[in-house]
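Data file: query-v6.txt. Format and content: compact mmCIF, C-alpha atoms.
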```txt
# COMPACT_ATOMS: atom_id res chain seq x y z
CA MET A 1 0.00 0.00 0.00
CA PRO A 2 1.45 3.41 -0.90
CA GLU A 3 2.44 5.83 1.85
CA SER A 4 2.77 9.59 2.03
CA ILE A 5 6.29 11.01 2.10
CA PRO A 6 7.38 13.66 4.61
CA ALA A 7 8.29 17.01 3.08
CA THR A 8 11.58 17.12 4.97
CA LEU A 9 12.72 13.88 3.37
CA ILE A 10 11.96 15.21 -0.10
CA ILE A 11 13.74 18.48 0.57
CA ASP A 12 16.83 16.78 1.96
CA THR A 13 16.89 14.57 -1.12
CA LEU A 14 16.54 17.59 -3.40
CA LYS A 15 19.46 19.28 -1.65
CA ASP A 16 21.63 16.22 -2.16
CA THR A 17 20.54 16.04 -5.78
CA PHE A 18 21.47 19.68 -6.36
CA ARG A 19 24.84 19.27 -4.61
CA GLU A 20 25.63 16.30 -6.81
CA ALA A 21 24.58 18.20 -9.94
CA ARG A 22 26.75 21.21 -9.06
CA ALA A 23 29.74 18.97 -8.30
CA ALA A 24 29.33 17.16 -11.61
CA LEU A 25 29.17 20.43 -13.53
CA ALA A 26 32.15 21.91 -11.68
CA ALA A 27 34.21 18.89 -12.71
CA GLU A 28 33.32 19.39 -16.34
CA VAL A 29 33.43 23.11 -16.99
CA ALA A 30 35.81 25.93 -16.24
CA GLU A 31 33.21 28.57 -15.43
CA PRO A 32 30.28 27.09 -13.55
CA PRO A 33 27.86 29.65 -12.14
CA LYS A 34 28.62 30.74 -8.59
CA HIS A 35 25.57 31.20 -6.41
CA SER A 36 24.91 30.88 -2.71
CA HIS A 37 21.88 28.65 -3.28
CA LEU A 38 22.02 24.99 -4.27
CA GLY A 39 19.37 24.97 -6.97
CA TRP A 40 15.95 25.99 -8.15
CA ILE A 41 12.42 24.74 -7.79
CA LEU A 42 10.13 25.97 -10.55
CA SER A 43 6.64 25.52 -9.29
CA VAL A 44 3.12 25.90 -10.49
CA PRO A 45 1.64 25.14 -7.11
CA ASP A 46 0.50 21.56 -6.74
CA THR A 47 -2.01 20.71 -4.04
CA HIS A 48 -0.48 17.27 -3.79
CA GLN A 49 2.98 18.62 -2.86
CA LYS A 50 1.83 21.59 -0.79
CA THR A 51 3.67 20.53 2.36
CA VAL A 52 6.91 20.48 0.37
CA LEU A 53 6.20 23.92 -1.07
CA ALA A 54 5.36 25.26 2.41
CA ALA A 55 8.60 23.87 3.83
CA LEU A 56 10.56 25.25 0.88
CA ASP A 57 9.37 28.74 1.84
CA LYS A 58 11.65 28.50 4.86
CA GLU A 59 14.61 27.11 2.93
CA GLU A 60 17.43 29.48 2.09
CA GLN A 61 19.50 27.01 0.10
CA ILE A 62 16.84 26.34 -2.49
CA ARG A 63 15.28 29.12 -4.52
CA VAL A 64 11.65 28.73 -5.45
CA LEU A 65 10.12 30.52 -8.40
CA THR A 66 6.38 30.32 -8.78
CA CYS A 67 5.38 30.42 -12.44
CA ALA A 68 2.05 31.40 -13.94
CA THR A 69 1.93 28.34 -16.20
CA GLU A 70 3.73 25.05 -16.73
CA ASP A 71 4.75 26.27 -20.21
CA GLU A 72 6.70 29.04 -18.54
CA ALA A 73 8.19 26.73 -15.93
CA THR A 74 9.45 24.37 -18.62
CA THR A 75 11.00 27.16 -20.65
CA ILE A 76 12.53 28.95 -17.65
CA ALA A 77 14.08 25.60 -16.73
CA ALA A 78 15.67 25.48 -20.17
CA GLY A 79 17.23 28.89 -19.61
CA LEU A 80 18.54 27.82 -16.21
CA TYR A 81 20.01 24.68 -17.76
CA ILE A 82 21.80 26.64 -20.47
CA GLY A 83 23.24 28.87 -17.77
CA GLY A 84 24.41 25.89 -15.71
CA GLU A 85 21.86 25.98 -12.91
CA PRO A 86 20.27 22.81 -11.50
CA CYS A 87 16.51 22.86 -11.18
CA VAL A 88 13.47 20.71 -10.56
CA LEU A 89 9.96 21.37 -11.85
CA MET A 90 7.17 20.71 -9.37
CA ILE A 91 3.77 20.61 -11.05
CA GLN A 92 0.66 18.47 -11.08
CA HIS A 93 -0.77 16.16 -13.70
CA ALA A 94 -3.21 18.78 -15.02
CA GLY A 95 -0.22 21.05 -15.63
CA LEU A 96 1.50 18.32 -17.59
CA TYR A 97 -1.55 18.06 -19.84
CA ALA A 98 -1.58 21.84 -20.24
CA SER A 99 2.04 22.04 -21.32
CA VAL A 100 2.66 19.04 -23.56
CA ASN A 101 3.60 21.16 -26.57
CA THR A 102 6.30 22.93 -24.58
CA LEU A 103 7.46 19.61 -23.15
CA ARG A 104 7.77 18.39 -26.73
CA GLY A 105 9.38 21.51 -28.17
CA VAL A 106 11.75 22.37 -25.34
CA ALA A 107 12.68 19.18 -23.54
CA MET A 108 12.24 16.56 -26.26
CA ASP A 109 13.01 18.23 -29.59
CA GLY A 110 15.30 20.71 -27.85
CA GLN A 111 17.14 17.85 -26.11
CA ILE A 112 17.18 19.70 -22.84
CA PRO A 113 17.38 17.63 -19.67
CA LEU A 114 14.45 18.54 -17.47
CA PHE A 115 13.42 16.74 -14.31
CA TYR A 116 9.81 16.90 -13.17
CA MET A 117 8.07 15.96 -9.94
CA ILE A 118 4.41 15.61 -10.86
CA GLY A 119 1.72 15.22 -8.24
CA LEU A 120 -1.06 12.73 -8.87
CA LEU A 121 -3.77 14.74 -7.16
CA SER A 122 -6.85 12.62 -6.31
CA ARG A 123 -5.03 9.34 -6.82
CA GLU A 124 -6.79 6.67 -4.75
CA LYS A 125 -4.59 4.93 -2.22
CA ASP A 126 -5.93 1.49 -3.06
CA LYS A 127 -5.68 1.74 -6.84
CA ALA A 128 -2.97 1.86 -9.42
CA PRO A 129 -3.12 5.27 -11.17
CA ARG A 130 -4.13 3.63 -14.46
CA GLU A 131 -7.21 2.26 -12.70
CA SER A 132 -8.23 5.53 -11.10
CA ARG A 133 -11.76 6.76 -11.57
CA HIS A 134 -10.29 10.24 -12.17
CA SER A 135 -9.22 10.84 -15.75
CA MET A 136 -6.52 13.30 -14.68
CA VAL A 137 -4.90 10.52 -12.67
CA ARG A 138 -5.60 7.74 -15.15
CA TYR A 139 -4.12 9.42 -18.24
CA CYS A 140 -0.87 10.65 -16.74
CA GLU A 141 1.32 7.56 -17.10
CA PRO A 142 -0.09 6.65 -20.54
CA LEU A 143 0.59 10.20 -21.74
CA LEU A 144 4.19 10.01 -20.59
CA ASP A 145 4.48 6.61 -22.28
CA THR A 146 3.08 8.06 -25.51
CA PHE A 147 5.75 10.75 -25.47
CA GLY A 148 8.45 8.26 -24.49
CA VAL A 149 9.20 10.08 -21.25
CA PRO A 150 10.68 7.78 -18.61
CA HIS A 151 8.83 7.91 -15.34
CA ALA A 152 8.68 6.25 -11.93
CA ARG A 153 6.38 6.62 -8.97
CA LEU A 154 7.17 7.70 -5.45
CA ASP A 155 4.88 5.45 -3.46
CA GLY A 156 6.54 5.89 -0.09
CA PRO A 157 9.63 7.14 1.75
CA ASP A 158 11.71 4.22 0.47
CA ASP A 159 11.29 5.52 -3.07
CA VAL A 160 12.98 8.92 -2.69
CA HIS A 161 16.17 7.49 -4.20
CA LEU A 162 14.28 7.80 -7.48
CA ILE A 163 14.64 11.58 -7.31
CA PRO A 164 18.42 11.71 -7.90
CA GLU A 165 18.19 8.68 -10.21
CA TYR A 166 15.69 10.28 -12.53
CA TYR A 167 17.43 13.65 -12.30
CA ARG A 168 20.60 11.89 -13.54
CA LEU A 169 18.56 10.06 -16.16
CA SER A 170 17.28 13.37 -17.59
CA ARG A 171 20.92 14.50 -17.95
CA ALA A 172 22.05 11.21 -19.45
CA ARG A 173 19.30 11.09 -22.07
CA LYS A 174 19.18 14.87 -22.66
CA GLY A 175 15.45 15.06 -22.29
CA PRO A 176 12.67 14.94 -19.78
CA ALA A 177 12.37 12.47 -16.92
CA VAL A 178 9.59 12.34 -14.39
CA VAL A 179 8.84 11.06 -10.93
CA LEU A 180 5.19 10.95 -10.04
CA VAL A 181 4.25 11.75 -6.48
CA GLY A 182 1.81 8.98 -5.66
CA LEU A 183 0.18 10.32 -2.54
CA GLU A 184 -0.10 13.75 -0.99
CA THR A 185 3.09 14.65 0.86
CA ILE A 186 2.96 15.26 4.62
CA MET B 1 -10.99 54.48 -36.10
CA ALA B 2 -13.06 54.38 -39.26
CA PRO B 3 -16.38 52.55 -38.77
CA ASP B 4 -15.34 49.73 -41.10
CA ALA B 5 -11.77 49.46 -39.84
CA LYS B 6 -10.65 46.24 -38.21
CA PRO B 7 -9.00 46.56 -34.80
CA HIS B 8 -5.60 45.61 -36.18
CA ASP B 9 -5.78 48.49 -38.68
CA VAL B 10 -5.60 50.97 -35.84
CA LYS B 11 -2.21 52.64 -35.49
CA PRO B 12 -1.40 54.08 -32.07
CA HIS B 13 0.47 56.97 -33.61
CA ASP B 14 0.47 58.48 -37.00
CA VAL B 15 4.12 57.72 -37.63
CA LYS B 16 6.05 55.47 -39.96
CA PRO B 17 6.83 52.19 -38.21
CA MET B 18 10.46 51.38 -37.55
CA LYS B 19 12.19 48.68 -39.56
CA PRO B 20 12.95 45.68 -37.34
CA GLU B 21 16.31 45.17 -39.05
CA GLU B 22 17.42 48.72 -38.22
CA ILE B 23 16.48 48.21 -34.59
CA LEU B 24 18.39 44.93 -34.46
CA HIS B 25 21.48 46.56 -35.97
CA LEU B 26 21.41 49.19 -33.23
CA ILE B 27 20.96 46.59 -30.50
CA ASN B 28 23.77 44.49 -31.91
CA ALA B 29 26.12 47.47 -31.93
CA GLN B 30 25.55 48.10 -28.24
CA ARG B 31 24.77 44.68 -26.76
CA GLY B 32 28.29 44.03 -25.48
CA SER B 33 28.39 40.60 -23.84
CA ALA B 34 24.63 40.32 -23.46
CA ILE B 35 22.87 37.03 -24.13
CA CYS B 36 20.13 37.54 -26.74
CA VAL B 37 16.91 35.60 -27.19
CA PRO B 38 15.26 36.36 -30.54
CA THR B 39 12.03 34.75 -31.65
CA MET B 40 9.87 34.50 -34.77
CA THR B 41 10.38 37.45 -37.11
CA THR B 42 13.43 38.84 -35.28
CA ALA B 43 15.21 35.50 -35.63
CA PRO B 44 16.26 35.41 -39.33
CA ALA B 45 17.59 38.96 -39.33
CA TRP B 46 19.35 38.51 -35.99
CA ARG B 47 21.29 35.48 -37.12
CA THR B 48 22.59 37.49 -40.09
CA ILE B 49 23.33 40.62 -38.08
CA ALA B 50 24.89 38.84 -35.09
CA PRO B 51 25.92 35.38 -36.30
CA ASP B 52 28.47 34.58 -33.59
CA ASP B 53 27.05 36.21 -30.53
CA LEU B 54 25.62 34.68 -27.37
CA SER B 55 22.19 33.91 -28.74
CA VAL B 56 19.58 31.22 -28.49
CA THR B 57 16.46 31.44 -30.61
CA CYS B 58 13.06 30.60 -29.22
CA VAL B 59 11.89 28.30 -31.98
CA GLY B 60 9.44 25.41 -31.78
CA PHE B 61 7.69 26.70 -28.67
CA MET B 62 6.12 30.02 -29.67
CA GLY B 63 5.61 32.37 -26.77
CA GLY B 64 8.57 31.15 -24.77
CA ALA B 65 11.11 33.89 -25.41
CA SER B 66 10.45 35.83 -22.22
CA SER B 67 10.60 32.69 -20.10
CA LEU B 68 13.75 31.42 -21.79
CA GLY B 69 15.31 34.84 -21.22
CA LEU B 70 14.21 34.81 -17.60
CA GLY B 71 15.87 31.46 -16.96
CA LEU B 72 19.09 32.72 -18.51
CA ALA B 73 18.94 35.97 -16.55
CA LEU B 74 18.49 34.12 -13.26
CA ALA B 75 21.30 31.69 -14.05
CA ARG B 76 23.73 34.39 -15.22
CA PRO B 77 23.19 37.59 -13.24
CA ASP B 78 26.67 38.66 -14.35
CA ARG B 79 25.37 39.26 -17.90
CA ARG B 80 22.58 41.23 -19.49
CA VAL B 81 19.88 39.22 -21.21
CA LEU B 82 18.00 40.83 -24.07
CA VAL B 83 14.72 39.24 -25.16
CA LEU B 84 13.69 40.16 -28.71
CA ASP B 85 10.02 39.21 -28.49
CA GLY B 86 7.00 39.58 -30.77
CA ASP B 87 3.51 40.77 -29.86
CA GLY B 88 1.77 37.61 -31.08
CA SER B 89 4.33 35.51 -29.25
CA LEU B 90 3.99 37.37 -25.98
CA LEU B 91 0.20 37.04 -26.11
CA MET B 92 0.64 33.27 -26.09
CA GLN B 93 2.24 33.42 -22.64
CA LEU B 94 1.11 36.76 -21.33
CA GLY B 95 1.31 35.52 -17.75
CA SER B 96 5.08 35.48 -18.19
CA LEU B 97 5.01 39.26 -17.63
CA ALA B 98 3.97 38.61 -14.04
CA THR B 99 6.44 35.77 -13.63
CA VAL B 100 9.30 37.93 -14.94
CA ALA B 101 8.25 40.84 -12.73
CA GLY B 102 7.92 38.55 -9.72
CA ALA B 103 11.42 37.16 -10.24
CA ALA B 104 12.66 40.73 -10.78
CA PRO B 105 15.88 40.00 -12.70
CA ARG B 106 17.90 43.21 -12.69
CA ASN B 107 19.72 42.12 -15.85
CA LEU B 108 16.74 41.50 -18.16
CA VAL B 109 15.63 43.83 -20.95
CA HIS B 110 12.49 42.70 -22.77
CA PHE B 111 12.12 44.28 -26.21
CA LEU B 112 8.74 43.76 -27.84
CA PHE B 113 8.58 44.14 -31.61
CA LYS B 114 4.98 45.21 -32.06
CA ASN B 115 3.59 44.92 -35.58
CA GLY B 116 0.03 43.87 -34.78
CA VAL B 117 0.09 40.70 -36.85
CA TYR B 118 1.21 37.10 -36.90
CA HIS B 119 3.67 37.79 -39.68
CA THR B 120 5.06 34.26 -39.92
CA SER B 121 1.69 32.60 -40.52
CA GLY B 122 0.48 35.09 -43.10
CA SER B 123 0.00 38.42 -41.29
CA GLN B 124 -3.33 37.69 -39.68
CA GLY B 125 -4.11 40.34 -37.08
CA ILE B 126 -3.34 39.49 -33.47
CA PRO B 127 -6.24 39.77 -31.02
CA GLY B 128 -6.65 43.48 -30.41
CA GLY B 129 -4.16 44.38 -33.11
CA LEU B 130 -2.05 47.45 -32.45
CA THR B 131 -4.43 48.70 -29.79
CA VAL B 132 -3.09 46.24 -27.22
CA ASP B 133 -1.16 48.26 -24.65
CA PHE B 134 1.71 46.02 -23.62
CA VAL B 135 3.42 48.83 -21.76
CA ALA B 136 0.45 49.14 -19.42
CA MET B 137 0.47 45.36 -18.98
CA ALA B 138 4.17 45.26 -18.18
CA LYS B 139 3.83 48.14 -15.74
CA GLY B 140 0.81 46.51 -14.18
CA ALA B 141 2.68 43.22 -13.86
CA GLY B 142 5.47 44.98 -11.98
CA TYR B 143 8.34 45.58 -14.42
CA ARG B 144 10.65 48.22 -12.98
CA MET B 145 10.46 50.26 -16.14
CA ALA B 146 8.28 50.10 -19.24
CA CYS B 147 8.05 52.41 -22.20
CA ALA B 148 7.01 52.56 -25.85
CA ILE B 149 9.21 53.88 -28.64
CA HIS B 150 7.88 54.78 -32.08
CA ASP B 151 10.80 56.48 -33.74
CA LEU B 152 14.23 55.14 -34.67
CA GLU B 153 16.06 58.32 -33.69
CA ASP B 154 14.39 58.22 -30.30
CA PHE B 155 15.34 54.55 -29.94
CA LYS B 156 18.93 55.32 -30.91
CA ARG B 157 19.08 58.06 -28.30
CA ARG B 158 17.53 56.01 -25.49
CA LEU B 159 19.08 52.60 -26.13
CA PRO B 160 22.26 53.10 -24.03
CA GLU B 161 20.14 54.07 -21.04
CA LEU B 162 17.76 51.14 -21.58
CA LEU B 163 20.62 48.65 -21.74
CA LYS B 164 22.03 49.90 -18.43
CA ALA B 165 18.78 50.39 -16.53
CA GLU B 166 17.92 48.15 -13.61
CA GLY B 167 15.58 45.45 -14.85
CA PRO B 168 13.27 44.04 -15.61
CA VAL B 169 12.86 46.64 -18.35
CA PHE B 170 10.15 46.43 -21.00
CA VAL B 171 10.39 48.32 -24.29
CA GLU B 172 7.53 48.24 -26.80
CA LEU B 173 8.82 49.03 -30.28
CA TYR B 174 6.37 50.08 -32.97
CA THR B 175 7.65 48.27 -36.03
CA GLY B 176 6.70 47.31 -39.54
CA LEU B 177 7.15 43.81 -40.90
CA ALA B 178 10.54 42.16 -41.04
CA GLU B 179 11.98 41.37 -44.45
CA GLN B 180 12.07 37.65 -43.61
CA THR B 181 10.15 35.30 -41.39
CA PRO B 182 11.32 31.88 -40.18
CA MET B 183 9.12 30.41 -42.94
CA THR B 184 10.57 32.45 -45.80
CA ALA B 185 14.16 32.43 -44.56
CA GLY B 186 14.34 28.77 -43.56
CA GLY B 187 17.54 27.24 -42.32
CA GLY B 188 19.31 28.38 -39.22
CA VAL B 189 21.10 26.33 -36.61
CA PRO B 190 18.77 23.74 -35.01
CA PHE B 191 17.66 24.64 -31.49
CA PRO B 192 19.49 21.76 -29.74
CA GLN B 193 22.75 22.84 -31.38
CA GLN B 194 22.13 26.44 -30.36
CA VAL B 195 21.64 25.26 -26.78
CA THR B 196 24.87 23.28 -26.84
CA ASP B 197 26.79 26.17 -28.40
CA LEU B 198 25.55 28.81 -25.98
CA ARG B 199 26.10 26.54 -22.98
CA ALA B 200 29.67 25.93 -24.11
CA LYS B 201 30.29 29.66 -24.53
CA LEU B 202 28.92 30.42 -21.08
CA LEU B 203 30.37 27.51 -19.10
CA LYS B 204 33.56 26.70 -21.02
CA PRO B 205 33.97 22.90 -20.93
CA ARG B 206 37.42 21.78 -19.75
CA SER B 207 37.90 19.29 -22.58
CA ARG B 208 36.25 17.94 -25.70
CA ALA B 209 35.27 14.82 -23.78
CA CYS B 210 33.63 16.98 -21.12
CA GLU B 211 31.92 19.02 -23.79
CA ALA B 212 30.24 15.90 -25.11
CA ALA B 213 29.38 14.68 -21.64
CA TYR B 214 27.94 17.81 -20.13
CA ALA B 215 26.13 19.20 -23.15
```
Go through the file and emit its structure as structure tokens.
Amino acid sequence: MPESIPATLIIDTLKDTFREARAALAAEVAEPPKHSHLGWILSVPDTHQKTVLAALDKEEQIRVLTCATEDEATTIAAGLYIGGEPCVLMIQHAGLYASVNTLRGVAMDGQIPLFYMIGLLSREKDKAPRESRHSMVRYCEPLLDTFGVPHARLDGPDDVHLIPEYYRLSRARKGPAVVLVGLETI
Amino acid sequence: MAPDAKPHDVKPHDVKPMKPEEILHLINAQRGSAICVPTMTTAPAWRTIAPDDLSVTCVGFMGGASSLGLGLALARPDRRVLVLDGDGSLLMQLGSLATVAGAAPRNLVHFLFKNGVYHTSGSQGIPGGLTVDFVAMAKGAGYRMACAIHDLEDFKRRLPELLKAEGPVFVELYTGLAEQTPMTAGGGVPFPQQVTDLRAKLLKPRSRACEAAYA
């Protein structure tokens, strides 16, 4: 049975992911950007991950930029990537549906590594997302499959290792990679 | 407005529109080490005028120039970022004005080439045509400075100040149609290659092997 994940665990994992990304870049380039923060969260607020967003408000090492749309978030992420900054997009499934053309044009055709955490708002605890009675939950994984976007699901605290793994995967494949947040964070 | 005039026939001022290419030449002469983000009808001329500069074209995701420029500006506060946007493009992601203003990048200058039409797709009028007041929208969103310029001499005179001003700065430029559009010009470096090239110029990979790995 899936479990909710504490916000602190996700934030600690994001910090480690950003540290690793900065170290990797510093080893490869002569002029990495120098900032006091570790990385960026680009968010179109997701009800499912609201405890993470609330905790991030108090974080000084991670900068959070709230975007008006997921199209913007995806494209801002591309600019950050070009400039050498690590970032994670935190959106919900409805935002994925709203921004598929930008996902295609920027991350896929543009070959830009982008890592998304997508909340499965309204996902039932006792059902696989593909069996959900809510279309916004049910179509998410098939849509990602249609676009060939690799994805995995965070179904409990033991799954947070998927965050750095899929972040690295986005870099390795030069495209999007997604972890789906199975239950509302706590 | 004449009773039978369409909204996009309305001109905000009875002046000859500026030529986009002349504006781009002036920007190129004064851009220094700025990163530039052209889109749509500014793109073909820009790649001829400034072929080797720090540019990345917003192509394949219309409306994204301001957001792409914002990401670059936040990543590289040590450099100016100049967005060379179009009115039809900006309308596609108008909320980006608020997102840019909210992020408040001091190094971002957002030029809007306002011609009132979707030139690339056949010059259909944009919603509201030339009556849309983007300066009011940018001011309302919270840009530190926003102005409209209708005359090339005025632009020439004010450009140095605009390029130094604390951003985000928004400049609406009343222009005619560009000589080329992405459809008529064709070609150009593919977007993924532009990304790789600009990233290499900004970050300077330590070796060829690294260049392949990090790109």
Using only C-alpha atoms, select each residue of chain A with any atom at most 10 Å away from an atom of chain B, and give the selection as a PyMOL selection string.
chain A and resi 24-35+39-40+64-69+71-86+101-113+171-172+174
Atomic distance atom CA of B:Asn107 - atom CA of B:Leu91, expressed in Å with one decimal:
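For atom CA of B:Asn107 relative to atom CA of B:Leu91, the distance reads 22.6 Å.
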Residues within 9 Å of B:Gly116, please, as a list in words. Count all atoms listed in the file; anything in the same chain fewer than 3 positions from it doesn't count.
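Using all atoms listed in the file, the neighbours found are His8, Asp9, Asp87, Gly88, His119, Ser123, Gln124, Gly125, Ile126, Pro127, Gly128, Gly129, Leu130, Thr131, Val132, Thr175 and Gly176 of chain B.
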Suppose you want the space between atom CA of A:Phe18 and atom CA of A:Ile41; what is it in Å?
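It comes out at 10.5 Å.
In this structure, atom CA of A:Leu120 sits 13.1 Å away from atom CA of A:Leu144.
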Long-range neighbours of B:Ala136 as a ChimeraX atom specification, 9 Å cut-off, all atoms listed in the file, 3 positions minimum in chain:
/B:133,139-141,146-147
Up to 9 Å from (1.7, 21.4, -16.4) in the file's coordinates: name the residues, counting only C-alpha atoms, as a PyMOL selection string.
chain A and resi 44+69-71+73-74+90-100+118
Exercise: residues within 7 Å of coordinate (11.0, 13.7, -14.1), counting all atoms listed in the file, as an mmCIF file with C-alpha atoms, in the coordinates of the input:
```cif
data_model
loop_
_atom_site.group_PDB
_atom_site.id
_atom_site.type_symbol
_atom_site.label_atom_id
_atom_site.label_comp_id
_atom_site.auth_asym_id
_atom_site.auth_seq_id
_atom_site.Cartn_x
_atom_site.Cartn_y
_atom_site.Cartn_z
ATOM 1 C CA LEU A 114 14.450 18.540 -17.470
ATOM 2 C CA PHE A 115 13.420 16.740 -14.310
ATOM 3 C CA TYR A 116 9.810 16.900 -13.170
ATOM 4 C CA MET A 117 8.070 15.960 -9.940
ATOM 5 C CA HIS A 151 8.830 7.910 -15.340
ATOM 6 C CA TYR A 166 15.690 10.280 -12.530
ATOM 7 C CA TYR A 167 17.430 13.650 -12.300
ATOM 8 C CA PRO A 176 12.670 14.940 -19.780
ATOM 9 C CA ALA A 177 12.370 12.470 -16.920
ATOM 10 C CA VAL A 178 9.590 12.340 -14.390
ATOM 11 C CA VAL A 179 8.840 11.060 -10.930
#
```
List the neighbours of stretch 35-42 of chain B out to 6 Å using only C-alpha atoms; skip same-chain residues closer than 4 positions along the sequence, and give me the result as a compact mmCIF listing (two decimals) with C-alpha atoms, in the frame of the given file.
```
# COMPACT_ATOMS: atom_id res chain seq x y z
CA TRP B 46 19.35 38.51 -35.99
CA LEU B 54 25.62 34.68 -27.37
CA SER B 55 22.19 33.91 -28.74
CA VAL B 56 19.58 31.22 -28.49
CA THR B 57 16.46 31.44 -30.61
CA CYS B 58 13.06 30.60 -29.22
CA VAL B 81 19.88 39.22 -21.21
CA LEU B 82 18.00 40.83 -24.07
CA VAL B 83 14.72 39.24 -25.16
CA LEU B 84 13.69 40.16 -28.71
CA ASP B 85 10.02 39.21 -28.49
CA THR B 181 10.15 35.30 -41.39
```
Counting only C-alpha atoms, the residue among B:Met92, B:Asn115, B:Asn28, B:Arg106 that lies closest to B:Pro51 is B:Asn28
Hey, which of B:Gly142, B:Phe134, B:Val109, B:Ile23 ends up closest to B:Leu90? Count all atoms listed in the file.
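Residue with the minimum atom-to-atom distance to B:Leu90: B:Phe134.
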Quick one: what's the axis-aligned box for stretch 179-185 of chain B, all listed atoms, 3 Å on every side, centre and edges in Å to one decimal, as JSON?
```
{"center_x": 11.6, "center_y": 35.9, "center_z": -43.0, "size_x": 11.0, "size_y": 17.0, "size_z": 11.6}
```
Excluding A:Thr13 and any residue of its chain fewer than 3 positions from it, enumerate the residues within 9 Å of it, using all atoms listed in the file, and give them as a list in words.
Thr8, Leu9, Ile10, Asp16, Thr17, Phe18, Val160, His161, Ile163 and Pro164 of chain A
Take the residues just selected and output them with C-alpha atoms as a PDB file, in the frame of the given file.
```pdb
ATOM      1  CA  THR A   8      11.580  17.120   4.970  1.00  0.00           C
ATOM      2  CA  LEU A   9      12.720  13.880   3.370  1.00  0.00           C
ATOM      3  CA  ILE A  10      11.960  15.210  -0.100  1.00  0.00           C
ATOM      4  CA  ASP A  16      21.630  16.220  -2.160  1.00  0.00           C
ATOM      5  CA  THR A  17      20.540  16.040  -5.780  1.00  0.00           C
ATOM      6  CA  PHE A  18      21.470  19.680  -6.360  1.00  0.00           C
ATOM      7  CA  VAL A 160      12.980   8.920  -2.690  1.00  0.00           C
ATOM      8  CA  HIS A 161      16.170   7.490  -4.200  1.00  0.00           C
ATOM      9  CA  ILE A 163      14.640  11.580  -7.310  1.00  0.00           C
ATOM     10  CA  PRO A 164      18.420  11.710  -7.900  1.00  0.00           C
TER      11      PRO A 164
END
```
Would you pick out the contacts of stretch 161-163 of chain B at 12 Å or less, using all atoms listed in the file, so that residues sharing its chain but fewer than 2 positions from it are not included, and give the list as a PyMOL selection string?
chain B and resi 26-34+79-83+106-111+144-149+154-159+165-172
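Among the candidate residues A:Ala128, A:Leu89, A:Leu121, A:Ala55, the one lying nearest to A:Pro2 is A:Ala128, with distances computed using all atoms listed in the file.
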